[in-house]
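*Asks:* Dropping in work-v1.tsv, with TSV, C-alpha atoms (C1' of nucleotides).
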chain	number	residue	atom	x	y	z
A	1	MET	CA	-22.51	44.92	2.62
A	2	ALA	CA	-19.33	46.85	3.20
A	3	ALA	CA	-16.74	44.50	4.65
A	4	ALA	CA	-15.97	40.83	4.95
A	5	PRO	CA	-17.46	39.21	8.03
A	6	THR	CA	-14.87	38.87	10.75
A	7	ASN	CA	-14.03	35.82	12.74
A	8	PRO	CA	-12.59	36.55	16.18
A	9	SER	CA	-10.66	33.27	16.27
A	10	ARG	CA	-8.72	34.04	13.13
A	11	PRO	CA	-5.02	34.57	13.72
A	12	GLU	CA	-3.60	38.05	13.52
A	13	GLN	CA	-1.51	37.66	10.35
A	14	ASP	CA	-4.57	36.70	8.33
A	15	LEU	CA	-6.42	39.79	9.39
A	16	GLU	CA	-3.48	41.81	8.21
A	17	ILE	CA	-3.69	40.40	4.72
A	18	LEU	CA	-7.47	40.35	4.45
A	19	GLU	CA	-7.96	44.07	4.46
A	20	PRO	CA	-5.62	45.06	1.60
A	21	LEU	CA	-6.60	41.98	-0.33
A	22	CYS	CA	-10.22	42.95	0.00
A	23	ALA	CA	-9.41	46.46	-1.20
A	24	VAL	CA	-7.61	45.12	-4.25
A	25	PHE	CA	-10.51	42.88	-5.10
A	26	ARG	CA	-13.06	45.67	-4.72
A	27	ARG	CA	-10.98	47.91	-6.94
A	28	HIS	CA	-10.76	45.17	-9.54
A	29	LEU	CA	-14.50	44.61	-9.44
A	30	LYS	CA	-15.25	48.30	-9.69
A	31	SER	CA	-12.99	48.62	-12.73
A	32	LEU	CA	-15.14	45.99	-14.41
A	33	GLY	CA	-18.42	47.53	-13.29
A	34	GLN	CA	-19.04	44.54	-11.04
A	35	LYS	CA	-20.28	44.35	-7.50
A	36	TYR	CA	-18.83	43.41	-4.17
A	37	THR	CA	-21.37	40.98	-2.77
A	38	PRO	CA	-21.59	39.25	0.60
A	39	GLU	CA	-20.81	35.95	-1.08
A	40	ARG	CA	-17.61	37.34	-2.53
A	41	ALA	CA	-16.64	38.83	0.82
A	42	GLN	CA	-17.25	35.48	2.50
A	43	ILE	CA	-15.09	33.71	-0.02
A	44	LEU	CA	-12.20	36.09	0.63
A	45	ASP	CA	-12.66	35.58	4.32
A	46	VAL	CA	-12.33	31.82	4.02
A	47	LEU	CA	-9.63	32.02	1.38
A	48	VAL	CA	-7.07	33.74	3.57
A	49	ARG	CA	-7.27	30.95	6.08
A	50	LEU	CA	-6.83	28.11	3.63
A	51	ASP	CA	-3.66	26.09	3.18
A	52	ASP	CA	-1.22	27.09	0.53
A	53	LEU	CA	-2.79	24.91	-2.08
A	54	PHE	CA	-6.51	24.48	-2.37
A	55	GLU	CA	-9.14	23.26	-4.77
A	56	ALA	CA	-12.54	24.74	-5.60
A	57	ASP	CA	-14.16	21.84	-3.78
A	58	HIS	CA	-12.02	22.38	-0.75
A	59	LEU	CA	-12.89	26.06	-0.64
A	60	LEU	CA	-16.58	25.26	-0.88
A	61	ALA	CA	-16.35	22.69	1.90
A	62	GLU	CA	-14.53	25.17	4.14
A	63	MET	CA	-17.22	27.75	3.47
A	64	ARG	CA	-19.95	25.37	4.48
A	65	ARG	CA	-17.99	24.30	7.54
A	66	GLY	CA	-17.76	27.97	8.49
A	67	GLY	CA	-21.51	28.36	8.22
A	68	PHE	CA	-21.53	30.32	4.97
A	69	ARG	CA	-24.06	29.20	2.40
A	70	VAL	CA	-22.68	29.69	-1.10
A	71	SER	CA	-23.40	27.77	-4.26
A	72	LYS	CA	-20.79	25.85	-6.16
A	73	ALA	CA	-21.40	28.08	-9.17
A	74	THR	CA	-20.55	31.19	-7.20
A	75	VAL	CA	-17.36	29.64	-5.90
A	76	TYR	CA	-16.23	28.86	-9.44
A	77	ARG	CA	-17.26	32.28	-10.69
A	78	THR	CA	-15.38	33.99	-7.88
A	79	ILE	CA	-12.27	31.89	-8.37
A	80	LYS	CA	-12.16	33.07	-11.95
A	81	LEU	CA	-12.46	36.69	-10.82
A	82	LEU	CA	-9.73	36.25	-8.23
A	83	LYS	CA	-7.48	34.74	-10.84
A	84	ASP	CA	-8.09	37.67	-13.18
A	85	ALA	CA	-7.38	40.07	-10.34
A	86	GLY	CA	-4.03	38.39	-9.74
A	87	ILE	CA	-4.99	37.43	-6.21
A	88	ILE	CA	-4.76	33.71	-6.71
A	89	GLN	CA	-2.95	31.62	-9.25
A	90	GLN	CA	-3.43	28.15	-10.61
A	91	VAL	CA	-0.78	25.59	-9.79
A	92	LEU	CA	-0.07	22.37	-11.63
A	93	LEU	CA	0.91	19.42	-9.46
A	94	ASP	CA	2.69	16.52	-11.06
A	95	THR	CA	0.76	14.01	-9.07
A	96	ASP	CA	-2.73	14.50	-10.36
A	97	THR	CA	-4.58	16.13	-13.19
A	98	GLU	CA	-8.07	15.92	-11.73
A	99	GLN	CA	-9.02	19.17	-10.06
A	100	ALA	CA	-7.34	22.52	-10.49
A	101	HIS	CA	-5.19	23.65	-7.58
A	102	TYR	CA	-4.89	27.29	-6.61
A	103	GLN	CA	-2.53	29.32	-4.51
A	104	LEU	CA	-2.98	32.69	-2.86
A	105	VAL	CA	-0.32	34.97	-4.32
A	106	TYR	CA	-1.53	38.37	-3.19
A	107	GLY	CA	0.82	39.94	-0.71
A	108	ARG	CA	3.52	37.42	-1.47
A	109	ARG	CA	6.77	38.67	-2.84
A	110	SER	CA	7.13	35.41	-4.67
A	111	ARG	CA	4.91	32.77	-6.12
A	112	ASP	CA	7.60	30.13	-6.27
A	113	LEU	CA	6.94	26.83	-4.58
A	114	ILE	CA	8.69	23.75	-3.38
A	115	ILE	CA	6.26	20.89	-3.76
A	116	ARG	CA	7.09	18.01	-1.48
A	117	THR	CA	6.51	14.83	-3.38
A	118	ASP	CA	6.54	12.81	-0.18
A	119	THR	CA	4.04	14.81	1.85
A	120	ARG	CA	2.24	16.73	-0.93
A	121	GLN	CA	2.97	19.88	1.02
A	122	ALA	CA	3.63	23.16	-0.77
A	123	ILE	CA	6.28	25.48	0.64
A	124	PRO	CA	6.47	29.03	-0.70
A	125	VAL	CA	10.03	30.16	-1.32
A	126	GLU	CA	11.68	33.36	-2.34
A	127	LEU	CA	14.55	33.39	-4.80
A	128	PRO	CA	15.45	37.00	-5.53
A	129	GLU	CA	18.23	35.90	-7.89
A	130	LEU	CA	15.64	34.23	-10.07
A	131	VAL	CA	13.91	37.44	-11.07
A	132	GLU	CA	17.16	38.80	-12.39
A	133	LEU	CA	17.88	35.52	-14.14
A	134	CYS	CA	14.53	35.61	-15.92
A	135	GLU	CA	14.99	39.18	-16.99
A	136	ARG	CA	18.47	38.47	-18.28
A	137	ILE	CA	17.44	35.52	-20.44
A	138	CYS	CA	14.48	37.42	-21.86
A	139	VAL	CA	16.56	40.42	-22.79
A	140	THR	CA	18.83	38.22	-24.88
A	141	LEU	CA	15.75	37.26	-26.86
A	142	GLY	CA	14.42	40.79	-27.16
A	143	LEU	CA	11.60	40.07	-24.76
A	144	LYS	CA	10.35	41.61	-21.58
A	145	ALA	CA	9.65	39.21	-18.70
A	146	HIS	CA	6.60	40.17	-16.72
A	147	ALA	CA	6.13	37.17	-14.48
A	148	HIS	CA	7.49	33.76	-13.74
A	149	ARG	CA	6.54	30.66	-11.86
A	150	LEU	CA	8.91	28.09	-10.46
A	151	HIS	CA	7.96	24.74	-9.02
A	152	ILE	CA	10.64	22.67	-7.40
A	153	PHE	CA	9.79	19.05	-6.73
A	154	ALA	CA	11.60	17.76	-3.68
A	155	ALA	CA	11.43	15.27	-0.84
A	156	ALA	CA	13.20	14.58	2.45
A	157	GLU	CA	16.55	12.93	1.82
B	158	MET	CA	5.90	-4.30	-35.70
B	159	ALA	CA	9.46	-3.45	-34.78
B	160	ALA	CA	10.01	0.24	-35.44
B	161	ALA	CA	8.09	3.46	-35.88
B	162	PRO	CA	7.10	4.12	-39.47
B	163	THR	CA	9.52	6.54	-41.06
B	164	ASN	CA	8.70	9.63	-43.02
B	165	PRO	CA	11.38	10.62	-45.51
B	166	SER	CA	10.41	14.29	-45.36
B	167	ARG	CA	11.07	14.56	-41.66
B	168	PRO	CA	14.04	16.78	-40.77
B	169	GLU	CA	17.24	15.18	-39.57
B	170	GLN	CA	17.16	16.33	-35.96
B	171	ASP	CA	13.82	14.65	-35.40
B	172	LEU	CA	15.14	11.34	-36.62
B	173	GLU	CA	17.94	11.66	-34.15
B	174	ILE	CA	15.59	11.96	-31.23
B	175	LEU	CA	13.03	9.43	-32.38
B	176	GLU	CA	15.23	6.40	-32.07
B	177	PRO	CA	16.38	6.78	-28.45
B	178	LEU	CA	12.96	8.06	-27.45
B	179	CYS	CA	11.40	5.00	-28.97
B	180	ALA	CA	13.87	2.79	-27.11
B	181	VAL	CA	13.04	4.47	-23.80
B	182	PHE	CA	9.35	4.02	-24.40
B	183	ARG	CA	9.71	0.37	-25.32
B	184	ARG	CA	11.76	-0.25	-22.22
B	185	HIS	CA	9.11	1.49	-20.10
B	186	LEU	CA	6.37	-0.58	-21.66
B	187	LYS	CA	8.28	-3.82	-21.20
B	188	SER	CA	8.86	-3.03	-17.55
B	189	LEU	CA	5.09	-2.80	-17.13
B	190	GLY	CA	4.41	-5.92	-19.17
B	191	GLN	CA	2.81	-3.81	-21.86
B	192	LYS	CA	3.13	-3.93	-25.60
B	193	TYR	CA	4.64	-1.75	-28.26
B	194	THR	CA	1.87	-1.44	-30.80
B	195	PRO	CA	1.78	0.21	-34.22
B	196	GLU	CA	-0.54	2.87	-32.83
B	197	ARG	CA	1.95	3.77	-30.11
B	198	ALA	CA	4.78	3.85	-32.65
B	199	GLN	CA	2.74	6.15	-34.87
B	200	ILE	CA	2.04	8.47	-31.98
B	201	LEU	CA	5.74	8.76	-31.20
B	202	ASP	CA	6.42	9.42	-34.83
B	203	VAL	CA	3.99	12.32	-34.94
B	204	LEU	CA	4.93	13.55	-31.50
B	205	VAL	CA	8.55	14.37	-32.34
B	206	ARG	CA	7.41	16.65	-35.11
B	207	LEU	CA	4.89	18.62	-33.05
B	208	ASP	CA	5.42	22.12	-31.76
B	209	ASP	CA	6.74	22.59	-28.30
B	210	LEU	CA	3.32	22.73	-26.75
B	211	PHE	CA	0.53	20.50	-27.91
B	212	GLU	CA	-2.86	19.26	-26.81
B	213	ALA	CA	-4.37	15.79	-27.10
B	214	ASP	CA	-6.71	17.10	-29.77
B	215	HIS	CA	-3.88	18.63	-31.71
B	216	LEU	CA	-1.92	15.39	-31.63
B	217	LEU	CA	-4.93	13.48	-32.86
B	218	ALA	CA	-5.51	15.94	-35.70
B	219	GLU	CA	-1.86	15.72	-36.74
B	220	MET	CA	-2.11	11.94	-36.75
B	221	ARG	CA	-5.13	12.03	-39.02
B	222	ARG	CA	-3.47	14.58	-41.26
B	223	GLY	CA	-0.53	12.21	-41.58
B	224	GLY	CA	-2.79	9.39	-42.64
B	225	PHE	CA	-2.65	7.44	-39.39
B	226	ARG	CA	-5.94	6.16	-38.12
B	227	VAL	CA	-6.00	6.16	-34.31
B	228	SER	CA	-8.88	6.58	-31.92
B	229	LYS	CA	-9.16	9.41	-29.47
B	230	ALA	CA	-9.13	6.90	-26.63
B	231	THR	CA	-5.78	5.51	-27.72
B	232	VAL	CA	-4.28	8.97	-27.94
B	233	TYR	CA	-5.35	9.73	-24.38
B	234	ARG	CA	-4.15	6.35	-23.15
B	235	THR	CA	-0.78	6.82	-24.81
B	236	ILE	CA	-0.36	10.34	-23.50
B	237	LYS	CA	-0.75	8.98	-20.01
B	238	LEU	CA	1.88	6.32	-20.66
B	239	LEU	CA	4.28	8.89	-22.11
B	240	LYS	CA	3.79	11.05	-19.08
B	241	ASP	CA	4.53	8.14	-16.76
B	242	ALA	CA	7.62	7.33	-18.79
B	243	GLY	CA	8.88	10.89	-18.32
B	244	ILE	CA	8.88	11.51	-22.07
B	245	ILE	CA	6.34	14.29	-22.02
B	246	GLN	CA	5.19	16.61	-19.29
B	247	GLN	CA	2.07	18.61	-18.67
B	248	VAL	CA	2.35	22.38	-18.84
B	249	LEU	CA	0.03	24.94	-17.33
B	250	LEU	CA	-0.57	28.04	-19.38
B	251	ASP	CA	-1.94	31.13	-17.71
B	252	THR	CA	-4.19	31.92	-20.58
B	253	ASP	CA	-6.58	29.02	-20.57
B	254	THR	CA	-7.65	26.16	-18.40
B	255	GLU	CA	-9.56	24.22	-21.03
B	256	GLN	CA	-7.41	21.50	-22.46
B	257	ALA	CA	-4.24	20.07	-20.98
B	258	HIS	CA	-1.05	21.15	-22.72
B	259	TYR	CA	1.95	18.88	-23.02
B	260	GLN	CA	5.58	19.31	-23.81
B	261	LEU	CA	8.16	16.83	-25.05
B	262	VAL	CA	10.90	16.73	-22.44
B	263	TYR	CA	12.82	13.63	-23.45
B	264	GLY	CA	16.30	14.44	-24.68
B	265	ARG	CA	16.05	17.99	-23.43
B	266	ARG	CA	18.52	19.15	-20.86
B	267	SER	CA	15.90	21.52	-19.57
B	268	ARG	CA	12.16	21.70	-19.40
B	269	ASP	CA	12.07	25.41	-18.70
B	270	LEU	CA	9.97	27.58	-20.94
B	271	ILE	CA	9.43	31.15	-21.89
B	272	ILE	CA	5.77	31.52	-22.74
B	273	ARG	CA	5.12	34.47	-24.98
B	274	THR	CA	1.94	36.11	-23.83
B	275	ASP	CA	1.65	38.03	-27.09
B	276	THR	CA	2.05	35.17	-29.55
B	277	ARG	CA	1.25	32.18	-27.29
B	278	GLN	CA	4.53	30.68	-28.44
B	279	ALA	CA	6.59	28.54	-26.08
B	280	ILE	CA	10.37	28.84	-26.19
B	281	PRO	CA	12.45	26.22	-24.39
B	282	VAL	CA	15.33	27.73	-22.47
B	283	GLU	CA	18.26	26.40	-20.53
B	284	LEU	CA	19.32	27.99	-17.27
B	285	PRO	CA	22.12	25.90	-15.80
B	286	GLU	CA	22.37	28.24	-12.82
B	287	LEU	CA	18.83	27.39	-11.88
B	288	VAL	CA	19.53	23.76	-11.09
B	289	GLU	CA	22.13	24.80	-8.59
B	290	LEU	CA	19.78	27.43	-7.17
B	291	CYS	CA	17.05	24.83	-6.62
B	292	GLU	CA	19.44	22.44	-4.95
B	293	ARG	CA	20.78	25.12	-2.71
B	294	ILE	CA	17.39	26.27	-1.44
B	295	CYS	CA	16.25	22.69	-0.85
B	296	VAL	CA	19.34	21.82	1.14
B	297	THR	CA	18.63	24.66	3.55
B	298	LEU	CA	15.29	22.99	4.23
B	299	GLY	CA	16.73	19.50	4.55
B	300	LEU	CA	15.20	18.43	1.26
B	301	LYS	CA	16.51	16.90	-1.91
B	302	ALA	CA	15.38	18.54	-5.15
B	303	HIS	CA	14.70	16.06	-7.88
B	304	ALA	CA	13.12	18.20	-10.54
B	305	HIS	CA	11.94	21.68	-11.28
B	306	ARG	CA	9.87	23.53	-13.78
B	307	LEU	CA	10.13	27.19	-14.63
B	308	HIS	CA	7.72	29.16	-16.76
B	309	ILE	CA	8.61	32.70	-17.65
B	310	PHE	CA	5.82	34.83	-19.05
B	311	ALA	CA	7.13	37.42	-21.45
B	312	ALA	CA	6.29	39.50	-24.50
B	313	ALA	CA	8.06	41.64	-27.07
B	314	GLU	CA	8.92	45.02	-25.58
C	315	DG	C1'	-34.81	51.45	-10.40
C	316	DT	C1'	-30.95	49.14	-12.91
C	317	DC	C1'	-27.91	45.79	-13.76
C	318	DG	C1'	-25.33	42.49	-12.29
C	319	DG	C1'	-25.20	38.39	-8.88
C	320	DT	C1'	-26.95	34.17	-6.98
C	321	DG	C1'	-28.69	29.44	-6.74
C	322	DC	C1'	-30.28	25.69	-8.85
C	323	DA	C1'	-30.15	22.34	-12.26
C	324	DA	C1'	-29.06	21.28	-16.75
C	325	DA	C1'	-25.43	21.43	-20.14
C	326	DT	C1'	-20.64	21.32	-21.72
C	327	DG	C1'	-16.50	19.30	-23.07
C	328	DC	C1'	-12.24	17.11	-21.96
C	329	DT	C1'	-11.00	12.71	-20.49
C	330	DT	C1'	-11.89	7.96	-19.03
C	331	DT	C1'	-13.98	3.41	-19.32
C	332	DG	C1'	-16.70	-1.00	-20.57
C	333	DC	C1'	-16.90	-4.29	-23.86
C	334	DA	C1'	-16.24	-7.07	-27.93
C	335	DT	C1'	-12.71	-7.67	-31.25
C	336	DT	C1'	-7.93	-7.62	-32.89
C	337	DG	C1'	-3.14	-8.39	-32.49
C	338	DA	C1'	1.72	-8.47	-30.26
C	339	DT	C1'	4.62	-11.69	-27.99
D	340	DA	C1'	-2.55	-19.38	-27.19
D	341	DT	C1'	-2.50	-15.64	-24.04
D	342	DC	C1'	-3.04	-11.33	-22.33
D	343	DA	C1'	-3.13	-6.69	-23.45
D	344	DA	C1'	-4.57	-2.95	-26.87
D	345	DT	C1'	-7.85	-0.89	-29.88
D	346	DG	C1'	-12.18	1.45	-31.32
D	347	DC	C1'	-16.44	2.83	-30.47
D	348	DA	C1'	-19.82	4.73	-27.76
D	349	DA	C1'	-21.25	5.48	-23.34
D	350	DA	C1'	-20.05	7.30	-18.98
D	351	DG	C1'	-17.55	10.57	-15.56
D	352	DC	C1'	-16.62	14.60	-13.60
D	353	DA	C1'	-14.86	19.30	-12.91
D	354	DT	C1'	-16.43	23.41	-14.60
D	355	DT	C1'	-19.75	26.47	-17.00
D	356	DT	C1'	-24.19	28.35	-18.19
D	357	DG	C1'	-29.38	29.58	-18.68
D	358	DC	C1'	-32.86	31.40	-16.20
D	359	DA	C1'	-35.82	33.35	-12.62
D	360	DC	C1'	-35.41	35.80	-8.53
D	361	DC	C1'	-32.74	38.89	-5.44
D	362	DG	C1'	-29.90	42.64	-3.98
D	363	DA	C1'	-25.81	46.14	-4.42
D	364	DC	C1'	-25.19	50.52	-6.42
Starting from the file, give its structure as structure tokens.
*Replies:*
Amino acid sequence: MAAAPTNPSRPEQDLEILEPLCAVFRRHLKSLGQKYTPERAQILDVLVRLDDLFEADHLLAEMRRGGFRVSKATVYRTIKLLKDAGIIQQVLLDTDTEQAHYQLVYGRRSRDLIIRTDTRQAIPVELPELVELCERICVTLGLKAHAHRLHIFAAAE
Amino acid sequence: MAAAPTNPSRPEQDLEILEPLCAVFRRHLKSLGQKYTPERAQILDVLVRLDDLFEADHLLAEMRRGGFRVSKATVYRTIKLLKDAGIIQQVLLDTDTEQAHYQLVYGRRSRDLIIRTDTRQAIPVELPELVELCERICVTLGLKAHAHRLHIFAAAE
DNA sequence: GTCGGTGCAAATGCTTTGCATTGAT
DNA sequence: ATCAATGCAAAGCATTTGCACCGAC
């Protein structure tokens, strides 16, 4: 198995991200002495077409809907790998504590989000000033900032 | 039972926060037709002396260490109430997904944190510019920001 | 041919809940 | 006196794991 299965109906911009994302994941796996399996490829393939925020359950359901047969265990195991690889990131919503929510961050300049409390929609935003702000405050404490995460909770006026 | 039990060894600044915090909680409970019980008072009392980040387990252990006898169920039930009252807030650490972490936010101007990835220490920070930044970006999208949460991941250089 | 991966089902562990009793108002 | 809270133990439920078989390298 060399590449993720392709889906001709998938929009162009997803194809663009899938290839480098796949390469990053394969590199990460190789560095750990782990293998790139068809199941993992299928998960990537579905992942890039998911909404901004998704849950393990949701990913599994989408896989099944797409005709892929993967076990729940594999989905959870792969989510953990993707998190370690820095491809996805967990997100904490204020509204519920039940299931973990994840966000694709690979290929995004920013992982900051506006979370609409009225529609439960997540909008990625980019705040270049923020990076500088984080670095500045850390320097005053003798620390080195290596990442940040901002969630803004907002609603229509 | 009218007030939280006092502990003479508790530092001054904690006493300062306990009283208004207690008032806010009692008001919240009254608005829901719920009662202010000794157990809830004891939890507040222990809460204000906890580190910046704590877990349900940790709170329970501290309670026991302080000689209070509360059940695990009551701790969880009270944490939920405190969350609803806006007194504490859940925090998502990158490092683990196991237990939920909480942070006291009542009486804080800011709920922003630097999370030290080397020591797992959480440092509250205040970034007044950030509030304005959040409002500005939301306005451009026709939204009204009502809260935000920033986590900066950093370590000693 | 080796290891690591997968699926299944069972286990784990944080969190929630049902119920009888206790207690705040 | 009433209605909610507590404690205990028993669920619940998302996530993890053990194991036998399969497949990427």
*Asks:* Provide the atom CA of Arg277 of chain B to atom CA of Leu238 of chain B distance in Å, to one decimal place.
*Replies:* 26.7 Å
*Asks:* List the neighbours of DT355 of chain D out to 12 Å using all atoms listed in the file; skip same-chain residues closer than 6 positions along the sequence, and give me the result as JSON, numbers by chain.
*Replies:* {"A": [72, 73, 74, 75, 76, 77, 80], "B": [255], "C": [324, 325, 326, 327]}
*Asks:* Chain C residues within 9 Å of chain B, counting all atoms listed in the file: which ones, as JSON, numbers by chain?
*Replies:* {"C": [327, 328, 329, 330, 337, 338, 339]}
*Asks:* Restricting the output to C-alpha atoms (C1' of nucleotides), write the selected residues as a short mmCIF file (atom, residue, chain, number, x, y, z; two decimals), keeping the file's coordinate frame.
*Replies:*
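The result, written out as again_16.cif:
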data_model
loop_
_atom_site.label_atom_id
_atom_site.label_comp_id
_atom_site.auth_asym_id
_atom_site.auth_seq_id
_atom_site.Cartn_x
_atom_site.Cartn_y
_atom_site.Cartn_z
"C1'" DG C 327 -16.50 19.30 -23.07
"C1'" DC C 328 -12.24 17.11 -21.96
"C1'" DT C 329 -11.00 12.71 -20.49
"C1'" DT C 330 -11.89 7.96 -19.03
"C1'" DG C 337 -3.14 -8.39 -32.49
"C1'" DA C 338 1.72 -8.47 -30.26
"C1'" DT C 339 4.62 -11.69 -27.99
#
*Asks:* Using all atoms listed in the file, give me every residue within 8 Å of (-16.2, 9.6, -14.9) in file coordinates, as a list in words.
*Replies:*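 Taken together, the residues in range are DT330 and DT331 of chain C; DA350, DG351 and DC352 of chain D.
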*Asks:* Anything within 8 Å of (13.9, 30.2, -9.6): list those residues as an NGL selection string, counting only C-alpha atoms (C1' of nucleotides) and sticking to the file's coordinates.
*Replies:* (:A and (112 or 127 or 129-131 or 149-150)) or (:B and (287 or 290-291 or 307))
*Asks:* For segment 345-357 of chain D, I'd like the enclosing box, axis-aligned and padded by 8 Å on every side, reported as lines of an AutoDock Vina configuration file with centre and edge lengths in Å to one decimal.
*Replies:*
center_x = -18.6
center_y = 14.3
center_z = -22.1
size_x = 37.5
size_y = 46.5
size_z = 34.4
*Asks:* Contacts from chain D to chain A, 12 Å maximum, only C-alpha atoms (C1' of nucleotides): show me the residue list as a tab-separated table (two decimals) with C-alpha atoms (C1' of nucleotides), in the frame of the given file.
*Replies:*
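Just written: iface20.tsv:
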chain	number	residue	atom	x	y	z
D	351	DG	C1'	-17.55	10.57	-15.56
D	352	DC	C1'	-16.62	14.60	-13.60
D	353	DA	C1'	-14.86	19.30	-12.91
D	354	DT	C1'	-16.43	23.41	-14.60
D	355	DT	C1'	-19.75	26.47	-17.00
D	356	DT	C1'	-24.19	28.35	-18.19
D	361	DC	C1'	-32.74	38.89	-5.44
D	362	DG	C1'	-29.90	42.64	-3.98
D	363	DA	C1'	-25.81	46.14	-4.42
D	364	DC	C1'	-25.19	50.52	-6.42
*Asks:* If the cut-off is 9 Å, can you tell me the residues of chain A near chain B, counting all atoms listed in the file? I'd like them as a ChimeraX atom specification.
*Replies:* /A:89-92,94,97,100,114,116,125,127,129-130,133-134,137-138,141-157
*Asks:* When distances are computed from only C-alpha atoms (C1' of nucleotides), which of B:Val262, B:Ile244, B:Val227, B:Ile200 shows the smallest separation from DG346 of chain D?
*Replies:*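 Of B:Val262, B:Ile244, B:Val227, B:Ile200, the one nearest DG346 of chain D, counting only C-alpha atoms (C1' of nucleotides), is B:Val227.
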*Asks:* Have a look at atom CA of Arg222 of chain B and atom CA of Ile280 of chain B and let me know their distance in Å, one decimal.
*Replies:*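 Atom-to-atom, atom CA of Arg222 of chain B and atom CA of Ile280 of chain B are spaced 24.9 Å apart.
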*Asks:* One decimal, Å: what's the distance from atom C1' of DC347 of chain D over to atom CA of Leu186 of chain B, could you say?
*Replies:*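 Atom C1' of DC347 of chain D sits 24.7 Å away from atom CA of Leu186 of chain B.
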*Asks:* Name all residues at most 12 Å from Leu189 of chain B (count only C-alpha atoms (C1' of nucleotides); drop same-chain ones fewer than 6 positions away) and give them as a ChimeraX atom specification.
*Replies:* /B:182-183,238,241-242 /D:343
*Asks:* Need to verify the contact set: DC358 of chain D, 12 Å, all atoms listed in the file, exclusion of same-chain residues closer than 4 positions in sequence. Can you return it as a short mmCIF file (atom, residue, chain, number, x, y, z; two decimals) with C-alpha atoms (C1' of nucleotides), keeping the file's coordinate frame?
*Replies:*
data_model
loop_
_atom_site.label_atom_id
_atom_site.label_comp_id
_atom_site.auth_asym_id
_atom_site.auth_seq_id
_atom_site.Cartn_x
_atom_site.Cartn_y
_atom_site.Cartn_z
"C1'" DT C 320 -26.95 34.17 -6.98
"C1'" DG C 321 -28.69 29.44 -6.74
"C1'" DC C 322 -30.28 25.69 -8.85
"C1'" DA C 323 -30.15 22.34 -12.26
"C1'" DA C 324 -29.06 21.28 -16.75
#
*Asks:* When distances are computed from all atoms listed in the file, which of A:Ala41, A:Cys22, A:Ile79, A:Ile17 shows the smallest separation from Leu59 of chain A?
*Replies:*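 With all atoms listed in the file as the atom set, the closest residue is A:Ile79.
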